[in-house]
Amino acid sequence: MLNMQQATVKFADSVALNGLTLSVEEGKVFGLLGPNGAGKTTLIRSLMGLQHLSEGSIRLFGDMLPGSASSRTLIGYMPQLYAIYDQLTVRENVRFFAELYSVPSALINDRVDELLHMTELDNKADAILHTLSGGMKRRAMMATALVHKPRLLILDEPTAGVDPILRIKFWQWFRKLCDQGTSILVTTHHINEAEQCDDIVFLRAGTMIGHGTPQQLMDEQQVDNLDQVFIRLAEQTEVQA
Amino acid sequence: MKSVLIARRLIREITRDRRTLAFFFLAPLIVMSLVYFALLEPSSARVALVTEGTMDLFRYDLERTLEDEPDIELVSPDWELPEGYEAQKASLLKWTRSGEVDAILYLNTQLLIDRFDGKPGTVNLFLEGSRPTRTGAALDAVSSAMDDLGSAMPVVIEASCSSLCANSVNNEAMDLEKIYAYGDEDLDIIDFFLPVFPPFFVFFFTFILSAISFQRERVTGTLERLMMSPIHFADIVIGYVMGFFIFASVQASIILGFVLYLIDIPFTAEQVFVLVIITFCLLLVGLTLGLLASYLAKNEFQAIQFIPVVILPQIFLADMIWSIEDFPKVFQVFSVILPLTHANQAMRDVLLKGADLWSIADSVGILLLMWVVLVAVMSLVAKRNA
C-alpha cells in the first residue's frame, strides 16, 4: 500500500525526514510513533503530496504519486487541528466532505447517518459545531474523514487532548475500520496506546530508529511496554551517534 | 519588572517578522510621499486658444493674458480647423470631448464684425465639463481674458487700421457662450466625486472580507484538508469568489443605489446596467486579490497589513480625489495596474459623460483580465507552495 525509498525532507536549517525507507502493507493499523518534532507530521504531509521530498520517492497503492488526483480520492485525513467548519452543523460538515469527495448523492444521506451513528453523534447532528466539546469535534472530524470510504485513513494525533474513555473508543473504531478493510496510519506521541497497532515505526529527529510489531519490539528490547522500547531505542541511537 | 519581559518578547517577535518591520517603517514614508505629491500643486486646467481670420490680430495679447492666469495652462494643440463657422464649432466640440484640453476659447471673425455693427459679439468657450474644479479655473481665466480683450480691441485696431476704425468698435462687454461637452453649469464637485464612491467601497469591503476569511480557512487547517481532497485550487478560489459574490453584490447594489439617489445627474436604466457590470467586474478583482493577499500572508497580522498596502495607493493614484496627472510619471505608469483606476474612469464616463457599455468596454476588459491573471497567479503560488 505504501512504499517509501530514502524519503528525505530538508528545510533551510533542519532535516525533518532523513532517508526513510519503509513499506506498509494494506489492511493494517500502522502506528507512527515518536516525540514532538520527530518528523511524523512531515511524513504524513509527504504522503498526501502537501510536502515535496528533497530526495527519495514515495509510491501509494502500487504506483500512485502522493498528491495525484487518483491517490487523493483514496485517502481520508484527520489532522491534528480542529480542521472543520465551526459555523456549520455536524451533519452539514459531514455532508460537505461527502460532496467534496463526490459521494453519489443517492448514498450521501445514508452514509452521513451511518457515520453519525458510528461516532455517536446522532443526537448532536444538527448542533452547530462551535457549541460542541473538543471530544465531539474530534468525532465529527473522524466522520468527515471517513465519509468517502477511504482505502487509507491517515490520523495525525487523533487522541491529542481527548479524555481516556473517548481515547479507548477511538482505538476500538480504528480496529473496527481496519477489520472492514480500511488501512490506518496513525501518529501519536502517547506511545503506550500504540500497542493496539499491528505494525509500528519509531521516529526520532527524522530517522527511523525501530520498526516491527509491538510485541516484536518489546521482545527485542526485553521490556514490557512501548514507552521503554522507545527509551531503549533512543539510547542506542545516541550511543551509535 | 514583568512589563519589560513582555516588551522584550514583543520586540523579539516583531524584529523576526521582516515583512511587518518593513511595513511599519516604509508604509508611512510611501503614504507621506503620496500625500506630498497630491497636495504639492493641483493640476491646472488646460486651455487652448483658437482664433480665426482677423481675430488672429488679438491672439498675442490674449495669450499673454491667459499665460498670466495661475490656475490654467495654455496649450497649443496641433489642430487643423475646417472651413465655416458651424463646421469649426463641431470640430472644437469634438476636440473638447477627446479630453485633450479642459477648455477651448474660440474667437471667430464674426465677433469683430458684430463689434463693428454695435453688437456685443459672442466669444465661444468650449468646456469639457466633467471636472468641476478645472471647469471653474478655465471660466475664471477666460473672464479676465475677455475683460482684457475688450480694452485691447480698440488699441489693436487703431494700430492696424485707424483711430476712426477704433472709435467705431463697440465698447460693451462681450457675450460668452459656454458650450459643455459633458454635464452643465450645475455639475457640482460632489457630482464629480460621487461616481467613484461605489467602486471604492465595494473594493474595500470585498477585499477585507475575502482576505480575512480565507486566512481563517488557512489557520484552522481546513484549507489543507481541501487541498488534499480531489479539488483543484482554482475551484477553491472560484468557489470563494462565487460564495462572497452574493453578499458583495447585495452590498454593491446598496452602495450604488445610494449614490444614484444622491447624485444630481440624470441617468437612464441602460446606464445603471452598465454601472452594475463595472461594479461586478471590480467585485471579482477585489475578492480574488483579497484571497491572494490572504494566501501570501503567513499569519493574520500580515493579512491585515495587505489592507493599507492595497487600498491606500488606490485612494491616491486611481484618479479618485486627486488627478493622477498631478503625480510623477512613475506613479502614473503604476496607476495603470490599479483596478480602481479603470473602475473609476468607467464610472465617471458613464455617469458624467453618458458613455454606453461599448465605450467603456476597454475598462471592463482590463478588470476582467486582471481577474483572470489573479486567479492564475493564485493557482501558481498554491502549486509552488504545495
# chains A, B, ... in the order shown; residues from 1 in each chain; ligands from 1
$ interface_residues --of "chain B" --to "chain A" --cutoff "7 Å" --atoms "only C-alpha atoms" --output "list in words"
Thr220, Gly221, Thr222, Met228, Ser229, Pro230 and Ala386 of chain B
$ residues_around --residues "Gln196 (chain A)" --least-positions-apart "5" --cutoff "10 Å" --atoms "only C-alpha atoms" --output "number ranges by chain"
A: 29-31, 171-172, 174-175, 213-214
$ select_by_dssp --residues "region 44-221 of chain A" --states "alpha helix (DSSP H)" --output "ChimeraX atom specification"
/A:44-47,69-74,90-100,105-118,134-146,164-179,214-221
$ residues_around --residues "Pro339 (chain B)" --least-positions-apart "6" --cutoff "9 Å" --atoms "only C-alpha atoms" --output "PDB file with N, CA and C atoms, in the first residue's frame"
ATOM      1  N   PHE B 203     -14.790  47.721  -3.465  1.00  0.00           N
ATOM      2  CA  PHE B 203     -13.460  47.105  -3.487  1.00  0.00           C
ATOM      3  C   PHE B 203     -12.919  46.939  -2.063  1.00  0.00           C
ATOM      4  N   LEU B 282     -15.389  44.680 -10.840  1.00  0.00           N
ATOM      5  CA  LEU B 282     -14.482  45.125  -9.780  1.00  0.00           C
ATOM      6  C   LEU B 282     -14.589  44.186  -8.567  1.00  0.00           C
ATOM      7  N   VAL B 285     -12.375  41.239  -8.987  1.00  0.00           N
ATOM      8  CA  VAL B 285     -10.970  41.571  -8.768  1.00  0.00           C
ATOM      9  C   VAL B 285     -10.700  41.735  -7.264  1.00  0.00           C
ATOM     10  N   GLY B 286     -11.573  42.467  -6.574  1.00  0.00           N
ATOM     11  CA  GLY B 286     -11.384  42.714  -5.137  1.00  0.00           C
ATOM     12  C   GLY B 286     -11.376  41.423  -4.344  1.00  0.00           C
ATOM     13  N   GLN B 314      -4.416  53.176  -3.949  1.00  0.00           N
ATOM     14  CA  GLN B 314      -5.535  53.378  -4.876  1.00  0.00           C
ATOM     15  C   GLN B 314      -6.311  54.651  -4.541  1.00  0.00           C
ATOM     16  N   ALA B 318      -5.636  56.353  -8.067  1.00  0.00           N
ATOM     17  CA  ALA B 318      -6.644  55.828  -9.002  1.00  0.00           C
ATOM     18  C   ALA B 318      -7.588  56.924  -9.499  1.00  0.00           C
ATOM     19  N   ILE B 366     -10.197  45.265 -19.085  1.00  0.00           N
ATOM     20  CA  ILE B 366      -8.981  45.270 -18.253  1.00  0.00           C
ATOM     21  C   ILE B 366      -9.285  44.660 -16.882  1.00  0.00           C
ATOM     22  N   LEU B 367     -10.446  45.017 -16.313  1.00  0.00           N
ATOM     23  CA  LEU B 367     -10.810  44.465 -14.999  1.00  0.00           C
ATOM     24  C   LEU B 367     -10.950  42.946 -15.076  1.00  0.00           C
ATOM     25  N   MET B 370      -7.567  41.435 -15.344  1.00  0.00           N
ATOM     26  CA  MET B 370      -6.904  41.442 -14.033  1.00  0.00           C
ATOM     27  C   MET B 370      -7.384  40.246 -13.207  1.00  0.00           C
TER      28      MET B 370
END
$ residues_around --residues "region 122-138 of chain B" --least-positions-apart "3" --cutoff "8 Å" --atoms "only C-alpha atoms" --output "JSON, numbers by chain"
{"B": [44, 45, 46, 47, 71, 72, 92, 93, 96, 97, 99, 101, 102, 103, 104, 105, 106, 107, 108, 111, 141, 142, 174, 175, 176, 177, 178, 179, 180, 181, 182, 183, 184, 187, 188, 189, 192, 352, 353]}
$ select_by_dssp --residues "region 16-89 of chain A" --states "strand (DSSP E)" --output "ChimeraX atom specification"
/A:16-24,29-33,55-60,75-78
$ write_last_selection --atoms "C-alpha atoms" --output "mmCIF file, in the first residue's frame"
data_model
loop_
_atom_site.group_PDB
_atom_site.id
_atom_site.type_symbol
_atom_site.label_atom_id
_atom_site.label_comp_id
_atom_site.auth_asym_id
_atom_site.auth_seq_id
_atom_site.Cartn_x
_atom_site.Cartn_y
_atom_site.Cartn_z
ATOM 1 C CA ALA A 16 12.716 16.724 9.021
ATOM 2 C CA LEU A 17 12.957 13.299 7.364
ATOM 3 C CA ASN A 18 16.289 11.600 6.947
ATOM 4 C CA GLY A 19 16.370 8.924 4.240
ATOM 5 C CA LEU A 20 13.352 6.923 5.370
ATOM 6 C CA THR A 21 12.850 3.565 3.653
ATOM 7 C CA LEU A 22 9.630 1.869 4.614
ATOM 8 C CA SER A 23 6.985 -0.464 3.263
ATOM 9 C CA VAL A 24 3.488 -0.700 4.744
ATOM 10 C CA VAL A 29 -3.258 -0.328 11.695
ATOM 11 C CA PHE A 30 0.160 1.224 11.255
ATOM 12 C CA GLY A 31 1.494 3.401 14.038
ATOM 13 C CA LEU A 32 3.972 6.210 13.532
ATOM 14 C CA LEU A 33 5.448 6.997 16.910
ATOM 15 C CA GLU A 55 15.299 13.312 -2.059
ATOM 16 C CA GLY A 56 13.875 9.807 -2.446
ATOM 17 C CA SER A 57 10.464 8.634 -3.547
ATOM 18 C CA ILE A 58 7.038 7.608 -2.258
ATOM 19 C CA ARG A 59 4.504 5.426 -4.042
ATOM 20 C CA LEU A 60 0.974 4.705 -2.829
ATOM 21 C CA ILE A 75 -7.106 8.796 1.345
ATOM 22 C CA GLY A 76 -9.063 10.101 4.324
ATOM 23 C CA TYR A 77 -7.290 12.574 6.552
ATOM 24 C CA MET A 78 -7.921 13.726 10.077
#
$ residues_around --residues "Pro199 (chain B)" --least-positions-apart "6" --cutoff "9 Å" --atoms "only C-alpha atoms" --output "PyMOL selection string"
chain B and resi 252+256+278-279+282-283+340+343-344+347
$ atom_distance --atom1 "CA of Ile212 (chain B)" --atom2 "CA of Thr42 (chain A)"
27.0 Å
$ atom_distance --atom1 "CA of Leu152 (chain A)" --atom2 "CA of Leu47 (chain A)"
10.8 Å
$ atom_distance --atom1 "CA of Val4 (chain B)" --atom2 "CA of Ala297 (chain B)"
29.1 Å
$ residues_around --residues "Ala303 (chain B)" --least-positions-apart "6" --cutoff "10 Å" --atoms "only C-alpha atoms" --output "PDB file with all heavy atoms, in the first residue's frame"
ATOM      1  N   ILE B 208     -11.336  43.158   2.091  1.00  0.00           N
ATOM      2  CA  ILE B 208     -11.158  42.822   3.507  1.00  0.00           C
ATOM      3  C   ILE B 208     -11.856  41.499   3.839  1.00  0.00           C
ATOM      4  O   ILE B 208     -11.277  40.609   4.460  1.00  0.00           O
ATOM      5  CB  ILE B 208     -11.704  43.956   4.402  1.00  0.00           C
ATOM      6  CG1 ILE B 208     -10.801  45.174   4.274  1.00  0.00           C
ATOM      7  CG2 ILE B 208     -11.787  43.517   5.860  1.00  0.00           C
ATOM      8  CD1 ILE B 208     -11.275  46.361   5.049  1.00  0.00           C
ATOM      9  N   ALA B 211      -9.941  38.590   2.311  1.00  0.00           N
ATOM     10  CA  ALA B 211      -8.588  38.445   2.877  1.00  0.00           C
ATOM     11  C   ALA B 211      -8.658  37.792   4.260  1.00  0.00           C
ATOM     12  O   ALA B 211      -7.863  36.910   4.578  1.00  0.00           O
ATOM     13  CB  ALA B 211      -7.895  39.801   2.960  1.00  0.00           C
ATOM     14  N   ILE B 212      -9.603  38.213   5.047  1.00  0.00           N
ATOM     15  CA  ILE B 212      -9.676  37.703   6.421  1.00  0.00           C
ATOM     16  C   ILE B 212     -10.248  36.282   6.462  1.00  0.00           C
ATOM     17  O   ILE B 212      -9.714  35.410   7.145  1.00  0.00           O
ATOM     18  CB  ILE B 212     -10.532  38.647   7.310  1.00  0.00           C
ATOM     19  CG1 ILE B 212      -9.926  40.052   7.343  1.00  0.00           C
ATOM     20  CG2 ILE B 212     -10.683  38.099   8.716  1.00  0.00           C
ATOM     21  CD1 ILE B 212      -8.552  40.168   7.954  1.00  0.00           C
ATOM     22  N   PHE B 214     -10.381  33.881   4.171  1.00  0.00           N
ATOM     23  CA  PHE B 214      -9.532  32.840   3.597  1.00  0.00           C
ATOM     24  C   PHE B 214      -8.375  32.530   4.558  1.00  0.00           C
ATOM     25  O   PHE B 214      -7.933  31.394   4.660  1.00  0.00           O
ATOM     26  CB  PHE B 214      -9.003  33.306   2.243  1.00  0.00           C
ATOM     27  CG  PHE B 214      -8.525  32.182   1.375  1.00  0.00           C
ATOM     28  CD1 PHE B 214      -9.409  31.217   0.944  1.00  0.00           C
ATOM     29  CD2 PHE B 214      -7.215  32.092   0.986  1.00  0.00           C
ATOM     30  CE1 PHE B 214      -8.980  30.166   0.147  1.00  0.00           C
ATOM     31  CE2 PHE B 214      -6.769  31.051   0.184  1.00  0.00           C
ATOM     32  CZ  PHE B 214      -7.658  30.095  -0.242  1.00  0.00           C
ATOM     33  N   GLN B 215      -7.928  33.574   5.227  1.00  0.00           N
ATOM     34  CA  GLN B 215      -6.865  33.390   6.221  1.00  0.00           C
ATOM     35  C   GLN B 215      -7.355  32.445   7.318  1.00  0.00           C
ATOM     36  O   GLN B 215      -6.617  31.590   7.798  1.00  0.00           O
ATOM     37  CB  GLN B 215      -6.485  34.757   6.801  1.00  0.00           C
ATOM     38  CG  GLN B 215      -5.367  34.732   7.821  1.00  0.00           C
ATOM     39  CD  GLN B 215      -4.051  34.273   7.225  1.00  0.00           C
ATOM     40  OE1 GLN B 215      -3.835  34.399   6.034  1.00  0.00           O
ATOM     41  NE2 GLN B 215      -3.175  33.719   8.030  1.00  0.00           N
ATOM     42  N   GLY B 290      -8.072  39.808  -2.541  1.00  0.00           N
ATOM     43  CA  GLY B 290      -8.140  39.535  -1.102  1.00  0.00           C
ATOM     44  C   GLY B 290      -7.690  38.119  -0.801  1.00  0.00           C
ATOM     45  O   GLY B 290      -6.923  37.874   0.139  1.00  0.00           O
ATOM     46  N   LEU B 291      -8.124  37.182  -1.631  1.00  0.00           N
ATOM     47  CA  LEU B 291      -7.733  35.781  -1.430  1.00  0.00           C
ATOM     48  C   LEU B 291      -6.223  35.615  -1.619  1.00  0.00           C
ATOM     49  O   LEU B 291      -5.567  34.919  -0.857  1.00  0.00           O
ATOM     50  CB  LEU B 291      -8.463  34.877  -2.427  1.00  0.00           C
ATOM     51  CG  LEU B 291      -9.985  34.812  -2.324  1.00  0.00           C
ATOM     52  CD1 LEU B 291     -10.549  33.822  -3.324  1.00  0.00           C
ATOM     53  CD2 LEU B 291     -10.413  34.407  -0.924  1.00  0.00           C
ATOM     54  N   LEU B 292      -5.699  36.290  -2.637  1.00  0.00           N
ATOM     55  CA  LEU B 292      -4.261  36.182  -2.905  1.00  0.00           C
ATOM     56  C   LEU B 292      -3.464  36.765  -1.731  1.00  0.00           C
ATOM     57  O   LEU B 292      -2.486  36.165  -1.270  1.00  0.00           O
ATOM     58  CB  LEU B 292      -3.908  36.915  -4.207  1.00  0.00           C
ATOM     59  CG  LEU B 292      -2.447  36.864  -4.622  1.00  0.00           C
ATOM     60  CD1 LEU B 292      -1.990  35.433  -4.874  1.00  0.00           C
ATOM     61  CD2 LEU B 292      -2.197  37.692  -5.883  1.00  0.00           C
ATOM     62  N   ALA B 293      -3.893  37.933  -1.265  1.00  0.00           N
ATOM     63  CA  ALA B 293      -3.206  38.572  -0.132  1.00  0.00           C
ATOM     64  C   ALA B 293      -3.244  37.637   1.068  1.00  0.00           C
ATOM     65  O   ALA B 293      -2.238  37.441   1.763  1.00  0.00           O
ATOM     66  CB  ALA B 293      -3.884  39.900   0.200  1.00  0.00           C
ATOM     67  N   SER B 294      -4.397  37.044   1.279  1.00  0.00           N
ATOM     68  CA  SER B 294      -4.576  36.137   2.408  1.00  0.00           C
ATOM     69  C   SER B 294      -3.674  34.923   2.263  1.00  0.00           C
ATOM     70  O   SER B 294      -3.096  34.437   3.226  1.00  0.00           O
ATOM     71  CB  SER B 294      -6.037  35.711   2.437  1.00  0.00           C
ATOM     72  OG  SER B 294      -6.249  34.809   3.444  1.00  0.00           O
ATOM     73  N   TYR B 295      -3.554  34.452   1.027  1.00  0.00           N
ATOM     74  CA  TYR B 295      -2.747  33.255   0.795  1.00  0.00           C
ATOM     75  C   TYR B 295      -1.265  33.548   0.975  1.00  0.00           C
ATOM     76  O   TYR B 295      -0.510  32.700   1.455  1.00  0.00           O
ATOM     77  CB  TYR B 295      -3.020  32.715  -0.613  1.00  0.00           C
ATOM     78  CG  TYR B 295      -2.519  31.304  -0.772  1.00  0.00           C
ATOM     79  CD1 TYR B 295      -3.231  30.239  -0.225  1.00  0.00           C
ATOM     80  CD2 TYR B 295      -1.328  31.037  -1.413  1.00  0.00           C
ATOM     81  CE1 TYR B 295      -2.761  28.956  -0.333  1.00  0.00           C
ATOM     82  CE2 TYR B 295      -0.854  29.749  -1.530  1.00  0.00           C
ATOM     83  CZ  TYR B 295      -1.573  28.713  -0.988  1.00  0.00           C
ATOM     84  OH  TYR B 295      -1.102  27.436  -1.079  1.00  0.00           O
ATOM     85  N   LEU B 296      -0.861  34.754   0.594  1.00  0.00           N
ATOM     86  CA  LEU B 296       0.556  35.108   0.715  1.00  0.00           C
ATOM     87  C   LEU B 296       0.941  35.426   2.158  1.00  0.00           C
ATOM     88  O   LEU B 296       2.102  35.320   2.535  1.00  0.00           O
ATOM     89  CB  LEU B 296       0.881  36.321  -0.172  1.00  0.00           C
ATOM     90  CG  LEU B 296       0.790  36.082  -1.674  1.00  0.00           C
ATOM     91  CD1 LEU B 296       1.016  37.381  -2.435  1.00  0.00           C
ATOM     92  CD2 LEU B 296       1.810  35.042  -2.127  1.00  0.00           C
ATOM     93  N   ALA B 297      -0.044  35.819   2.959  1.00  0.00           N
ATOM     94  CA  ALA B 297       0.253  36.184   4.348  1.00  0.00           C
ATOM     95  C   ALA B 297       0.496  34.933   5.180  1.00  0.00           C
ATOM     96  O   ALA B 297      -0.159  33.914   4.988  1.00  0.00           O
ATOM     97  CB  ALA B 297      -0.927  36.964   4.920  1.00  0.00           C
TER      98      ALA B 297
END
$ residues_around --residues "Ala173 (chain B)" --least-positions-apart "6" --cutoff "12 Å" --atoms "only C-alpha atoms" --output "PyMOL selection string"
chain B and resi 111+115+118-123+143-151+153
$ write_last_selection --atoms "N, CA and C atoms" --output "PDB file, in the first residue's frame"
ATOM      1  N   LEU B 111     -17.042  87.816 -34.494  1.00  0.00           N
ATOM      2  CA  LEU B 111     -17.009  88.637 -33.274  1.00  0.00           C
ATOM      3  C   LEU B 111     -16.667  90.085 -33.625  1.00  0.00           C
ATOM      4  N   ARG B 115     -18.908  93.502 -33.422  1.00  0.00           N
ATOM      5  CA  ARG B 115     -18.454  94.658 -32.639  1.00  0.00           C
ATOM      6  C   ARG B 115     -18.551  95.935 -33.477  1.00  0.00           C
ATOM      7  N   GLY B 118     -21.966  97.298 -33.725  1.00  0.00           N
ATOM      8  CA  GLY B 118     -22.540  97.810 -32.482  1.00  0.00           C
ATOM      9  C   GLY B 118     -23.118  96.733 -31.589  1.00  0.00           C
ATOM     10  N   LYS B 119     -22.931  95.481 -31.998  1.00  0.00           N
ATOM     11  CA  LYS B 119     -23.413  94.376 -31.153  1.00  0.00           C
ATOM     12  C   LYS B 119     -22.291  93.960 -30.193  1.00  0.00           C
ATOM     13  N   PRO B 120     -22.685  93.302 -29.075  1.00  0.00           N
ATOM     14  CA  PRO B 120     -21.624  92.889 -28.144  1.00  0.00           C
ATOM     15  C   PRO B 120     -20.723  91.799 -28.719  1.00  0.00           C
ATOM     16  N   GLY B 121     -21.260  90.944 -29.597  1.00  0.00           N
ATOM     17  CA  GLY B 121     -20.454  89.841 -30.134  1.00  0.00           C
ATOM     18  C   GLY B 121     -20.352  88.686 -29.146  1.00  0.00           C
ATOM     19  N   THR B 122     -20.108  87.521 -29.717  1.00  0.00           N
ATOM     20  CA  THR B 122     -20.067  86.333 -28.847  1.00  0.00           C
ATOM     21  C   THR B 122     -18.718  85.641 -28.913  1.00  0.00           C
ATOM     22  N   VAL B 123     -18.200  85.352 -27.749  1.00  0.00           N
ATOM     23  CA  VAL B 123     -16.985  84.527 -27.635  1.00  0.00           C
ATOM     24  C   VAL B 123     -17.459  83.130 -27.254  1.00  0.00           C
ATOM     25  N   SER B 143     -12.805  84.768 -18.151  1.00  0.00           N
ATOM     26  CA  SER B 143     -13.485  86.032 -17.816  1.00  0.00           C
ATOM     27  C   SER B 143     -12.493  87.181 -17.805  1.00  0.00           C
ATOM     28  N   SER B 144     -11.322  86.980 -17.139  1.00  0.00           N
ATOM     29  CA  SER B 144     -10.365  88.095 -17.118  1.00  0.00           C
ATOM     30  C   SER B 144      -9.764  88.340 -18.497  1.00  0.00           C
ATOM     31  N   ALA B 145      -9.594  87.247 -19.257  1.00  0.00           N
ATOM     32  CA  ALA B 145      -9.046  87.428 -20.605  1.00  0.00           C
ATOM     33  C   ALA B 145     -10.004  88.245 -21.466  1.00  0.00           C
ATOM     34  N   MET B 146     -11.299  88.032 -21.264  1.00  0.00           N
ATOM     35  CA  MET B 146     -12.287  88.772 -22.054  1.00  0.00           C
ATOM     36  C   MET B 146     -12.318  90.254 -21.688  1.00  0.00           C
ATOM     37  N   ASP B 147     -12.136  90.532 -20.398  1.00  0.00           N
ATOM     38  CA  ASP B 147     -12.051  91.939 -19.979  1.00  0.00           C
ATOM     39  C   ASP B 147     -10.891  92.621 -20.683  1.00  0.00           C
ATOM     40  N   ASP B 148      -9.735  91.908 -20.668  1.00  0.00           N
ATOM     41  CA  ASP B 148      -8.540  92.473 -21.309  1.00  0.00           C
ATOM     42  C   ASP B 148      -8.758  92.648 -22.804  1.00  0.00           C
ATOM     43  N   LEU B 149      -9.453  91.665 -23.381  1.00  0.00           N
ATOM     44  CA  LEU B 149      -9.699  91.720 -24.816  1.00  0.00           C
ATOM     45  C   LEU B 149     -10.557  92.928 -25.178  1.00  0.00           C
ATOM     46  N   GLY B 150     -11.574  93.196 -24.333  1.00  0.00           N
ATOM     47  CA  GLY B 150     -12.466  94.349 -24.566  1.00  0.00           C
ATOM     48  C   GLY B 150     -11.683  95.641 -24.611  1.00  0.00           C
ATOM     49  N   SER B 151     -10.729  95.811 -23.669  1.00  0.00           N
ATOM     50  CA  SER B 151      -9.977  97.071 -23.663  1.00  0.00           C
ATOM     51  C   SER B 151      -8.860  97.089 -24.709  1.00  0.00           C
ATOM     52  N   MET B 153      -9.003  95.703 -27.696  1.00  0.00           N
ATOM     53  CA  MET B 153      -9.530  95.696 -29.064  1.00  0.00           C
ATOM     54  C   MET B 153      -9.351  97.039 -29.802  1.00  0.00           C
TER      55      MET B 153
END
$ closest_residue --among "A:Ala125, A:Ile44, A:Leu53, A:Ile209" --to "Phe11 (chain A)" --atoms "only C-alpha atoms"
A:Leu53
$ decode --residues "region 32-82 of chain A" --atoms "C-alpha atoms" --output "PDB file, in the first residue's frame"
ATOM      1  CA  LEU A  32       3.972   6.210  13.532  1.00  0.00           C
ATOM      2  CA  LEU A  33       5.448   6.997  16.910  1.00  0.00           C
ATOM      3  CA  GLY A  34       7.868   9.493  18.266  1.00  0.00           C
ATOM      4  CA  PRO A  35       8.141  12.613  20.333  1.00  0.00           C
ATOM      5  CA  ASN A  36       7.146  16.044  19.075  1.00  0.00           C
ATOM      6  CA  GLY A  37       9.423  17.141  16.243  1.00  0.00           C
ATOM      7  CA  ALA A  38      10.290  13.559  15.281  1.00  0.00           C
ATOM      8  CA  GLY A  39       9.016  14.117  11.719  1.00  0.00           C
ATOM      9  CA  LYS A  40       5.613  12.394  11.976  1.00  0.00           C
ATOM     10  CA  THR A  41       3.567  15.267  10.559  1.00  0.00           C
ATOM     11  CA  THR A  42       6.154  15.909   7.818  1.00  0.00           C
ATOM     12  CA  LEU A  43       5.902  12.269   6.819  1.00  0.00           C
ATOM     13  CA  ILE A  44       2.112  12.455   6.692  1.00  0.00           C
ATOM     14  CA  ARG A  45       2.208  15.663   4.646  1.00  0.00           C
ATOM     15  CA  SER A  46       4.623  13.990   2.249  1.00  0.00           C
ATOM     16  CA  LEU A  47       2.262  11.045   1.826  1.00  0.00           C
ATOM     17  CA  MET A  48      -0.530  13.423   0.931  1.00  0.00           C
ATOM     18  CA  GLY A  49       1.567  15.423  -1.513  1.00  0.00           C
ATOM     19  CA  LEU A  50       1.454  18.555   0.639  1.00  0.00           C
ATOM     20  CA  GLN A  51       5.212  18.373   1.247  1.00  0.00           C
ATOM     21  CA  HIS A  52       7.726  17.765  -1.538  1.00  0.00           C
ATOM     22  CA  LEU A  53      10.567  15.372  -0.861  1.00  0.00           C
ATOM     23  CA  SER A  54      14.080  16.788  -1.118  1.00  0.00           C
ATOM     24  CA  GLU A  55      15.299  13.312  -2.059  1.00  0.00           C
ATOM     25  CA  GLY A  56      13.875   9.807  -2.446  1.00  0.00           C
ATOM     26  CA  SER A  57      10.464   8.634  -3.547  1.00  0.00           C
ATOM     27  CA  ILE A  58       7.038   7.608  -2.258  1.00  0.00           C
ATOM     28  CA  ARG A  59       4.504   5.426  -4.042  1.00  0.00           C
ATOM     29  CA  LEU A  60       0.974   4.705  -2.829  1.00  0.00           C
ATOM     30  CA  PHE A  61      -1.422   1.898  -3.719  1.00  0.00           C
ATOM     31  CA  GLY A  62       1.045   0.455  -6.219  1.00  0.00           C
ATOM     32  CA  ASP A  63       2.453   3.229  -8.378  1.00  0.00           C
ATOM     33  CA  MET A  64       0.442   6.328  -7.466  1.00  0.00           C
ATOM     34  CA  LEU A  65       2.310   9.502  -6.647  1.00  0.00           C
ATOM     35  CA  PRO A  66       1.432  11.367  -3.443  1.00  0.00           C
ATOM     36  CA  GLY A  67      -0.935  14.233  -4.199  1.00  0.00           C
ATOM     37  CA  SER A  68      -2.067  12.751  -7.515  1.00  0.00           C
ATOM     38  CA  ALA A  69      -5.761  13.087  -8.243  1.00  0.00           C
ATOM     39  CA  SER A  70      -6.309   9.335  -8.019  1.00  0.00           C
ATOM     40  CA  SER A  71      -4.479   8.937  -4.706  1.00  0.00           C
ATOM     41  CA  ARG A  72      -6.349  11.841  -3.098  1.00  0.00           C
ATOM     42  CA  THR A  73      -9.713  10.111  -3.533  1.00  0.00           C
ATOM     43  CA  LEU A  74      -8.379   7.031  -1.755  1.00  0.00           C
ATOM     44  CA  ILE A  75      -7.106   8.796   1.345  1.00  0.00           C
ATOM     45  CA  GLY A  76      -9.063  10.101   4.324  1.00  0.00           C
ATOM     46  CA  TYR A  77      -7.290  12.574   6.552  1.00  0.00           C
ATOM     47  CA  MET A  78      -7.921  13.726  10.077  1.00  0.00           C
ATOM     48  CA  PRO A  79      -5.429  16.429  11.040  1.00  0.00           C
ATOM     49  CA  GLN A  80      -4.262  17.368  14.484  1.00  0.00           C
ATOM     50  CA  LEU A  81      -6.033  20.759  14.424  1.00  0.00           C
ATOM     51  CA  TYR A  82      -9.806  21.103  14.606  1.00  0.00           C
TER      52      TYR A  82
END
